[in-house]
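Listing of coords-v7.txt, compact mmCIF, C-alpha atoms
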# COMPACT_ATOMS: atom_id res chain seq x y z
CA MET T 100 -9.17 35.37 36.77
CA ALA T 101 -9.61 35.66 33.00
CA MET T 102 -5.82 35.58 32.57
CA GLU T 103 -5.54 32.43 34.71
CA LEU T 104 -8.30 30.72 32.75
CA SER T 105 -6.63 31.70 29.49
CA ASN T 106 -3.30 30.25 30.62
CA LEU T 107 -4.99 27.07 31.85
CA THR T 108 -6.77 26.63 28.54
CA ARG T 109 -3.56 27.22 26.62
CA CYS T 110 -1.68 24.64 28.69
CA HIS T 111 -4.32 21.99 28.32
CA LEU T 112 -5.23 22.68 24.69
CA PRO T 113 -2.97 19.93 23.23
CA LEU T 114 -4.47 17.36 25.59
CA LEU T 115 -7.97 18.57 24.77
CA LEU T 116 -7.34 18.31 21.05
CA LEU T 117 -5.89 14.80 21.44
CA PHE T 118 -8.93 13.73 23.45
CA LEU T 119 -11.34 15.13 20.87
CA LEU T 120 -9.41 13.45 18.05
CA ALA T 121 -9.52 10.08 19.79
CA ALA T 122 -13.22 10.46 20.55
CA SER T 123 -14.05 11.38 16.96
CA SER T 124 -12.19 8.28 15.73
CA SER T 125 -14.14 5.88 17.91
CA MET T 126 -17.38 7.64 16.95
CA ALA T 127 -16.79 6.31 13.41
CA LEU T 128 -17.71 2.87 14.76
CA PRO T 129 -21.36 1.74 14.60
CA VAL T 130 -23.49 2.25 17.72
CA HIS T 131 -24.12 -1.28 18.97
CA PRO T 132 -23.64 -2.94 22.37
CA ALA T 133 -21.24 -5.46 20.82
CA MET T 134 -18.98 -2.59 19.74
CA ASP T 135 -18.64 -0.98 23.19
CA ARG T 136 -15.47 -2.88 24.07
CA VAL T 137 -13.97 -2.20 20.63
CA ARG T 138 -14.74 1.50 21.02
CA TRP T 139 -12.96 1.52 24.38
CA GLN T 140 -9.97 -0.27 22.84
CA VAL T 141 -9.76 2.14 19.91
CA ASP T 142 -9.87 5.15 22.24
CA LYS T 143 -7.08 3.65 24.30
CA VAL T 144 -4.93 3.07 21.20
CA ASN T 145 -5.54 6.56 19.85
CA ARG T 146 -4.51 8.16 23.15
CA ARG T 147 -0.97 6.96 22.38
CA GLY T 148 -0.85 9.60 19.65
CA HIS T 149 -0.40 9.23 15.90
CA SER T 150 0.67 5.92 14.39
CA ILE T 151 1.84 4.87 10.96
CA GLY T 152 -0.46 2.35 9.32
CA LEU T 153 1.39 -0.61 7.82
CA VAL T 154 -0.46 -2.96 5.46
CA MET T 155 0.42 -6.09 3.52
CA SER T 156 -1.75 -8.49 1.49
CA TYR T 157 -0.36 -12.02 1.68
CA ILE T 158 0.19 -14.21 4.73
CA ASP T 159 3.83 -14.75 3.70
CA GLU T 160 4.35 -10.98 3.79
CA ALA T 161 2.90 -10.76 7.31
CA THR T 162 4.99 -13.75 8.39
CA ALA T 163 8.13 -11.91 7.29
CA LEU T 164 7.25 -9.10 9.72
CA GLU T 165 6.26 -11.40 12.58
CA SER T 166 9.48 -13.40 12.38
CA SER T 167 11.78 -10.40 11.87
CA GLY T 168 11.68 -8.97 15.38
CA TYR T 169 11.19 -5.45 14.01
CA PHE T 170 7.68 -5.09 15.41
CA ARG T 171 7.28 -4.73 19.18
CA PRO T 172 3.68 -5.30 20.37
CA TRP T 173 2.23 -2.75 22.77
CA HIS T 174 2.10 -4.55 26.13
CA VAL T 175 -1.00 -2.61 27.21
CA LEU T 176 -3.13 -3.66 24.22
CA PRO T 177 -1.34 -5.71 21.53
CA PHE T 178 -4.23 -5.87 19.05
CA VAL T 179 -7.78 -4.80 18.22
CA ASP T 180 -10.12 -7.15 16.34
CA LEU T 181 -12.42 -5.17 14.08
CA TYR T 182 -14.65 -6.20 11.17
CA GLY T 183 -13.02 -9.61 10.90
CA ARG T 184 -9.45 -8.28 10.78
CA ARG T 185 -6.81 -8.00 13.47
CA TYR T 186 -5.09 -4.63 13.83
CA HIS T 187 -1.79 -5.15 15.63
CA ILE T 188 -0.73 -2.33 17.93
CA GLY T 189 2.93 -1.69 18.64
CA SER T 190 6.05 0.05 17.39
CA ILE T 191 8.94 -0.29 14.94
CA ARG T 192 12.24 1.39 15.81
CA GLY T 193 10.43 3.51 18.42
CA VAL T 194 7.70 4.68 16.01
CA ASN T 195 4.06 3.89 16.77
CA VAL T 196 2.75 1.44 14.19
CA ILE T 197 -0.58 -0.30 13.57
CA TYR T 198 -0.30 -3.12 11.07
CA ALA T 199 -2.92 -5.27 9.41
CA LEU T 200 -3.09 -8.09 6.87
CA THR T 201 -5.55 -6.84 4.25
CA GLY T 202 -6.13 -9.99 2.26
CA GLN T 203 -5.75 -10.16 -1.50
CA ARG T 204 -7.07 -7.91 -4.25
CA ARG T 205 -8.60 -4.48 -4.50
CA LEU T 206 -11.65 -4.52 -2.23
CA ASN T 207 -9.90 -6.16 0.73
CA ALA T 208 -7.04 -3.67 0.52
CA ALA T 209 -9.35 -0.65 0.28
CA VAL T 210 -11.59 -1.74 3.17
CA THR T 211 -8.63 -2.34 5.49
CA VAL T 212 -6.97 0.98 4.69
CA GLN T 213 -10.26 2.88 4.99
CA THR T 214 -10.80 1.36 8.44
CA LEU T 215 -7.31 2.40 9.53
CA ILE T 216 -7.93 5.96 8.36
CA ASP T 217 -11.45 6.29 9.79
CA VAL T 218 -11.04 4.54 13.14
CA PHE T 219 -7.42 4.94 14.19
CA THR T 220 -5.27 8.07 14.43
CA VAL T 221 -2.80 7.41 11.61
CA SER T 222 -0.40 9.90 10.05
CA GLY T 223 0.11 7.89 6.86
CA ILE T 224 0.00 4.45 5.24
CA VAL T 225 3.02 2.31 4.32
CA HIS T 226 2.28 -0.60 1.99
CA TYR T 227 4.79 -3.36 1.35
CA GLY T 228 4.62 -6.73 -0.36
CA THR T 229 5.66 -8.75 -3.39
CA ALA T 230 5.10 -8.15 -7.09
CA GLY T 231 5.76 -9.65 -10.49
CA SER T 232 8.23 -7.99 -12.84
CA SER T 233 6.96 -6.94 -16.27
CA ASN T 234 10.35 -6.27 -17.87
CA ASP T 235 14.08 -6.58 -17.30
CA SER T 236 14.37 -3.28 -15.40
CA MET T 237 13.75 -5.24 -12.20
CA SER T 238 15.48 -8.45 -11.07
CA PHE T 239 14.40 -11.05 -8.54
CA GLY T 240 14.72 -9.71 -5.01
CA ASP T 241 14.83 -6.04 -6.08
CA VAL T 242 12.48 -3.62 -4.32
CA SER T 243 10.49 -1.13 -6.37
CA VAL T 244 9.36 2.20 -4.90
CA PRO T 245 6.91 3.31 -7.61
CA LYS T 246 6.18 6.98 -8.11
CA PHE T 247 2.91 6.21 -9.89
CA VAL T 248 0.53 3.25 -9.86
CA ALA T 249 -2.52 2.51 -12.01
CA TYR T 250 -5.47 0.15 -11.90
CA THR T 251 -5.29 -1.67 -15.23
CA SER T 252 -8.29 -3.98 -15.13
CA ALA T 253 -11.06 -1.42 -15.54
CA TRP T 254 -12.18 -1.87 -19.13
CA THR T 255 -14.88 -1.10 -21.62
CA TRP T 256 -15.37 -4.28 -23.63
CA LYS T 257 -15.88 -3.14 -27.20
CA LYS T 258 -18.01 -4.71 -29.88
CA PHE T 259 -16.51 -6.85 -32.60
CA LYS T 260 -15.06 -4.71 -35.43
CA SER T 261 -15.73 -1.43 -33.60
CA PRO T 262 -13.23 1.31 -34.59
CA LYS T 263 -10.18 1.95 -32.47
CA GLU T 264 -10.63 4.99 -30.19
CA SER T 265 -7.24 5.28 -28.47
CA ASP T 266 -3.71 3.98 -28.54
CA THR T 267 -4.14 2.05 -25.32
CA GLU T 268 -6.56 -0.62 -26.45
CA LEU T 269 -5.99 -4.32 -26.26
CA SER T 270 -7.18 -5.93 -29.48
CA PHE T 271 -7.52 -9.70 -29.16
CA GLY T 272 -6.98 -10.09 -32.89
CA ASP T 273 -3.39 -8.87 -32.49
CA PHE T 274 -2.63 -11.99 -30.45
CA THR T 275 -4.18 -14.56 -32.78
CA VAL T 276 -1.55 -17.10 -33.86
CA PRO T 277 0.26 -17.55 -36.11
CA ASN T 278 -0.27 -14.28 -38.02
CA GLY T 279 -2.87 -12.24 -36.18
CA GLY T 280 -6.30 -11.39 -37.55
CA GLU T 281 -9.85 -10.83 -36.38
CA ASN T 282 -11.20 -12.20 -33.11
CA LEU T 283 -14.82 -12.31 -31.94
CA LEU T 284 -13.76 -11.08 -28.51
CA GLY T 285 -13.08 -7.68 -30.09
CA ALA T 286 -11.02 -5.32 -27.96
CA LEU T 287 -10.68 -3.80 -24.50
CA LYS T 288 -10.49 -0.05 -23.90
CA PHE T 289 -8.78 0.90 -20.64
CA ARG T 290 -10.79 3.18 -18.38
CA ASN T 291 -9.85 5.90 -15.91
CA GLU T 292 -10.74 5.80 -12.22
CA GLU T 293 -13.14 8.26 -10.59
CA LEU T 294 -11.19 9.94 -7.79
CA TYR T 295 -13.17 11.72 -5.08
CA SER T 296 -11.06 14.01 -2.89
CA VAL T 297 -11.81 16.28 0.05
CA GLY T 298 -12.65 19.79 -1.12
CA LYS T 299 -12.27 18.95 -4.81
CA PRO T 300 -14.68 17.91 -7.58
CA MET T 301 -14.58 14.33 -8.82
CA LYS T 302 -11.70 13.82 -11.21
CA GLU T 303 -11.03 11.02 -13.69
CA VAL T 304 -7.47 9.76 -13.36
CA PHE T 305 -5.42 6.88 -14.67
CA TRP T 306 -2.13 7.35 -12.81
CA LEU T 307 -2.17 7.68 -9.05
CA PRO T 308 0.93 9.27 -7.45
CA VAL T 309 2.31 8.30 -4.05
CA ASP T 310 2.94 11.12 -1.59
CA SER T 311 5.69 13.35 -3.03
CA ALA T 312 7.30 14.21 0.32
CA TRP T 313 7.39 10.57 1.40
CA PHE T 314 8.74 9.54 -2.00
CA LYS T 315 11.60 11.99 -1.59
CA ILE T 316 12.43 10.42 1.78
CA ALA T 317 12.35 6.95 0.20
CA GLU T 318 14.77 8.08 -2.51
CA GLY T 319 17.34 8.88 0.15
CA LEU T 320 17.19 5.53 1.96
CA LYS T 321 20.31 3.38 2.15
CA VAL T 322 19.26 -0.24 2.71
CA SER T 323 21.31 -3.41 2.31
CA LEU T 324 19.02 -6.05 0.83
CA GLU T 325 19.28 -9.82 1.29
CA ARG T 326 20.73 -11.95 -1.50
CA CYS T 327 20.25 -15.32 0.22
CA ASN T 328 17.69 -17.10 2.35
CA ASP T 329 17.75 -20.56 3.93
CA THR T 330 17.40 -22.41 0.62
CA PHE T 331 19.29 -20.52 -2.11
CA CYS T 332 21.18 -17.38 -3.12
CA LEU T 333 20.51 -14.99 -5.99
CA PRO T 334 23.36 -14.44 -8.46
CA THR T 335 23.59 -10.71 -7.64
CA THR T 336 22.70 -8.52 -4.66
CA PRO T 337 19.22 -6.98 -5.04
CA LYS T 338 18.78 -3.22 -5.16
CA VAL T 339 16.15 -0.58 -4.38
CA VAL T 340 14.77 1.09 -7.51
CA CYS T 341 12.80 4.33 -7.16
CA GLY T 342 10.58 6.19 -9.61
CA LEU T 343 9.17 3.43 -11.82
CA LYS T 344 5.49 2.75 -12.51
CA GLY T 345 3.37 -0.05 -11.08
CA SER T 346 0.20 -1.77 -12.26
CA SER T 347 -2.56 -3.32 -10.13
CA ALA T 348 -5.44 -5.57 -11.20
CA ASP T 349 -7.83 -8.04 -9.60
CA MET T 350 -6.03 -10.99 -11.13
CA PHE T 351 -2.79 -12.92 -10.81
CA LEU T 352 -0.87 -12.22 -14.01
CA ASP T 353 0.85 -15.29 -15.46
CA ASN T 354 0.89 -14.48 -19.16
CA ALA T 355 4.02 -13.25 -20.94
CA GLU T 356 2.22 -11.53 -23.82
CA TYR T 357 -0.07 -9.49 -21.56
CA ARG T 358 2.91 -8.63 -19.36
CA LYS T 359 4.76 -7.32 -22.42
CA PHE T 360 1.65 -5.42 -23.53
CA LEU T 361 1.42 -3.62 -20.16
CA PHE T 362 5.06 -2.61 -20.33
CA ARG T 363 4.82 -1.52 -23.96
CA GLU T 364 1.63 0.52 -23.56
CA PHE T 365 1.98 1.90 -20.03
CA GLY T 366 5.65 1.51 -19.12
CA VAL T 367 4.92 -0.37 -15.90
CA SER T 368 7.74 -2.34 -14.30
CA THR T 369 5.80 -4.30 -11.64
CA VAL T 370 2.36 -5.89 -11.43
CA ASP T 371 0.37 -6.68 -8.29
CA GLU T 372 -3.21 -6.76 -7.04
CA GLU T 373 -3.48 -4.12 -4.30
CA SER T 374 -1.16 -1.10 -4.60
CA ALA T 375 -3.50 1.08 -6.66
CA ALA T 376 -6.35 0.49 -4.19
CA VAL T 377 -4.14 1.45 -1.24
CA VAL T 378 -2.92 4.62 -2.95
CA MET T 379 -6.38 5.66 -4.15
CA THR T 380 -7.98 5.13 -0.72
CA THR T 381 -5.39 7.34 0.98
CA THR T 382 -5.34 9.97 -1.77
CA SER T 383 -9.04 10.81 -1.29
CA PRO T 384 -8.63 12.21 2.27
CA GLY T 385 -5.08 13.43 1.59
CA ILE T 386 -3.26 10.91 3.80
CA PRO T 387 0.43 10.31 2.89
CA VAL T 388 1.15 6.92 1.31
CA ILE T 389 4.17 5.03 -0.01
CA VAL T 390 4.54 1.60 -1.66
CA PHE T 391 7.40 -0.91 -1.47
CA ARG T 392 7.18 -4.00 -3.68
CA GLY T 393 9.77 -6.80 -3.78
CA VAL T 394 10.05 -8.68 -7.07
CA SER T 395 9.23 -12.37 -6.55
CA ASP T 396 8.66 -13.54 -10.14
CA LEU T 397 8.58 -12.61 -13.80
CA ALA T 398 4.87 -12.33 -14.57
CA GLY T 399 4.29 -14.97 -17.21
CA GLY T 400 7.89 -16.15 -17.22
CA GLU T 401 9.37 -19.59 -16.74
CA PRO T 402 10.21 -20.22 -13.06
CA THR T 403 13.94 -20.45 -12.41
CA TRP T 404 13.72 -20.96 -8.68
CA SER T 405 11.02 -22.05 -6.28
CA SER T 406 8.29 -19.41 -6.26
CA THR T 407 7.91 -19.93 -2.49
CA SER T 408 11.60 -19.18 -1.88
CA LEU T 409 11.49 -16.10 -4.11
CA MET T 410 8.37 -14.77 -2.40
CA ASN T 411 10.01 -15.19 0.99
CA LEU T 412 13.12 -13.28 -0.09
CA ALA T 413 11.11 -10.58 -1.89
CA SER T 414 8.91 -10.11 1.20
CA ILE T 415 11.93 -9.78 3.48
CA ASN T 416 13.57 -7.19 1.23
CA ALA T 417 10.40 -5.11 0.82
CA LEU T 418 9.94 -5.23 4.60
CA LYS T 419 13.52 -4.08 5.22
CA VAL T 420 12.98 -1.00 3.08
CA ALA T 421 9.61 -0.29 4.73
CA VAL T 422 11.15 -0.55 8.21
CA GLU T 423 13.99 1.81 7.32
CA PHE T 424 11.46 4.25 5.87
CA ILE T 425 9.30 4.16 9.03
CA ALA T 426 12.37 4.74 11.21
CA THR T 427 13.47 7.69 9.04
CA VAL T 428 10.02 9.32 9.09
CA GLY T 429 9.83 8.83 12.85
CA LYS T 430 13.27 10.38 13.34
CA GLN T 431 12.34 13.41 11.23
CA LYS T 432 9.12 13.97 13.17
CA SER T 433 10.99 13.66 16.47
CA THR T 434 13.55 16.24 15.33
CA MET T 435 10.80 18.63 14.25
CA SER T 436 8.99 18.22 17.60
CA GLU T 437 12.19 18.95 19.51
CA GLY T 438 12.79 22.04 17.39
CA SER T 439 9.24 23.30 18.04
CA ALA T 440 9.62 22.68 21.79
CA ASN T 441 12.90 24.64 21.90
CA ASN T 442 11.28 27.55 20.12
File written out as structure tokens:
Amino acid sequence: MAMELSNLTRCHLPLLLLFLLAASSSMALPVHPAMDRVRWQVDKVNRRGHSIGLVMSYIDEATALESSGYFRPWHVLPFVDLYGRRYHIGSIRGVNVIYALTGQRRLNAAVTVQTLIDVFTVSGIVHYGTAGSSNDSMSFGDVSVPKFVAYTSAWTWKKFKSPKESDTELSFGDFTVPNGGENLLGALKFRNEELYSVGKPMKEVFWLPVDSAWFKIAEGLKVSLERCNDTFCLPTTPKVVCGLKGSSADMFLDNAEYRKFLFREFGVSTVDEESAAVVMTTTSPGIPVIVFRGVSDLAGGEPTWSSTSLMNLASINALKVAVEFIATVGKQKSTMSEGSANN
């Protein structure tokens, strides 16, 4: 009898663990009668198994996905509305995916990703979107896969004529025209972020790395990017560039001198508003994360083409790389599962 019970428990252990995981996810929701239906929906979604969370920040970026045909909604439950956002349930290339439009800037991105991690059963977060280029290492339509990102709008605003403390300070006097000089605004000292991680003490960091294993997968992708859309064609075919650095800040950067400063001081090649928040939110619990950013403009540069057309093309190219990445990760997991089953 004990042997039979042991065998029964062993056979049903995976199902039991999946049930407990789904239940613990829905328990993260507040206890309120209005949330009962949402809790039921979340449990139903999580019983599908693990999904990859896919997030973007701008409506144009979400539109690129919706019009592409890559995403197939789950016919049982195509979406869950939670905390004012819609989490779309479905698949891409046979891989379970939950995608959400975060909204712009740091807080919106962090809240959306934290909800995905806490409520749904996700195995990692893929973030795609557009970005401005800070130097000539990236051309319009190219897709950057940064290895590190940093939040570059956390500052200590220093007093006028206070001594310089580090090499990475922005002194307003250096930008006084025509010959520089003193400026009552003083200088800005860039600050580190406080990173709280599971099982580790708080650590001050400036650079935030994406997941190393996922980055290695991204390096091996072969993706043909689009050179043309319905309105114009770029002079050369865009490319995927891996291993550069990205900068995020709660502002839209349209100033050539500050763009040059960021490249000179930190070596960043792209600027955006959300990537650092996405990476930091996933790093705390140890969830894998990767970022794909299509270049839509030169931050602070003179527009050569319509910004709307460039954003559309940059969104499409970033999405294409993200989709190929999701398919590759899904294929690798499927191969590993088959190998485990055969053993």
Compile the contact shell of T:Tyr295 as a list in words: residues with an atom at most 12 Å away, counting all atoms listed in the file, same-chain residues fewer than 6 positions apart removed.
->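 Surrounding residues, per the criterion: Met301, Lys302, Glu303, Val304, Met379, Thr380, Thr381, Thr382, Ser383, Pro384 and Gly385 of chain T.
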Using all atoms listed in the file, what table do you get, as a Markdown table, when you list each residue of stretch 193-234 of chain T with an atom no more than 10 Å from stretch 362-369 of chain T, its nearest pair of atoms, and their distance in Å rounded to one decimal, rows by chain then rising number?
| residue | atom | partner | partner_atom | distance |
| --- | --- | --- | --- | --- |
| T:Thr229 | CA | T:Thr369 | CA | 9.4 |
| T:Ala230 | CA | T:Thr369 | CA | 6.0 |
| T:Gly231 | CA | T:Thr369 | CA | 5.5 |
| T:Ser232 | CA | T:Thr369 | CA | 4.6 |
| T:Ser233 | CA | T:Ser368 | CA | 5.1 |
| T:Asn234 | CA | T:Ser368 | CA | 5.9 |
Which polymer residues have any atom within 10 Å of an atom of T:Gly280, counting all atoms listed in the file, with same-chain residues fewer than 5 positions away left out, as a list in words?
->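 Those residues are Ser270, Phe271, Gly272, Asp273, Phe274 and Thr275 of chain T.
Among the candidate residues T:His174, T:Arg184, T:Lys260, T:Arg138, the one lying nearest to T:Thr201 is T:Arg184, with distances computed using all atoms listed in the file.
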Write out as a Markdown table a residue-level contact list of stretch 266-323 of chain T versus stretch 373-378 of chain T with cut-off 8 Å: for each qualifying residue the closest pair of atoms and the distance in Å to one decimal, counting only C-alpha atoms, rows sorted by chain and residue number upward.
| residue | atom | partner | partner_atom | distance |
| --- | --- | --- | --- | --- |
| T:Leu307 | CA | T:Val378 | CA | 6.9 |
| T:Pro308 | CA | T:Val378 | CA | 7.5 |
| T:Val309 | CA | T:Val378 | CA | 6.5 |
Hey, can you check how far atom CA of T:Trp306 sits from atom CA of T:Val244?
->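 If I compute the distance from atom CA of T:Trp306 to atom CA of T:Val244, I get 14.9 Å.
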With distances taken over only C-alpha atoms, the candidate from T:Val179, T:Ser238, T:Cys341, T:Thr255 nearest T:Lys315 is T:Cys341
Pick from T:Ser190, T:Ser167, T:Thr330, T:Gln140 nearest to T:Ala426, counting only C-alpha atoms =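 Going through T:Ser190, T:Ser167, T:Thr330, T:Gln140 one by one, the smallest distance to T:Ala426 is for T:Ser190.
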Between atom CA of T:Val322 and atom CA of T:Glu423, distance in Å (one decimal) |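 Atom-to-atom, atom CA of T:Val322 and atom CA of T:Glu423 are spaced 7.3 Å apart.
Minimum atom-to-atom distances from T:Leu409, T:Leu176, T:Leu153, T:Ile425 to T:Cys332 were compared using only C-alpha atoms, and the lowest value belongs to T:Leu409.
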Could you give me, as a PyMOL selection string, the residues within 12 Å of stretch 205-213 of chain T, counting all atoms listed in the file and dropping anything in the same chain fewer than 6 positions from it?
-> chain T and resi 127+151-157+180-186+197-199+219-221+223-227+249-253+347-350+371-384+386+388
Between atom CA of T:Lys321 and atom CA of T:His149, what is the distance, to one decimal in Å?
->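 Atom CA of T:Lys321 sits 25.5 Å away from atom CA of T:His149.
In terms of minimum interatomic distance to T:Ile158, T:Leu200 ranks closest within T:Val248, T:Leu200, T:Val194, T:Ala355, counting only C-alpha atoms.
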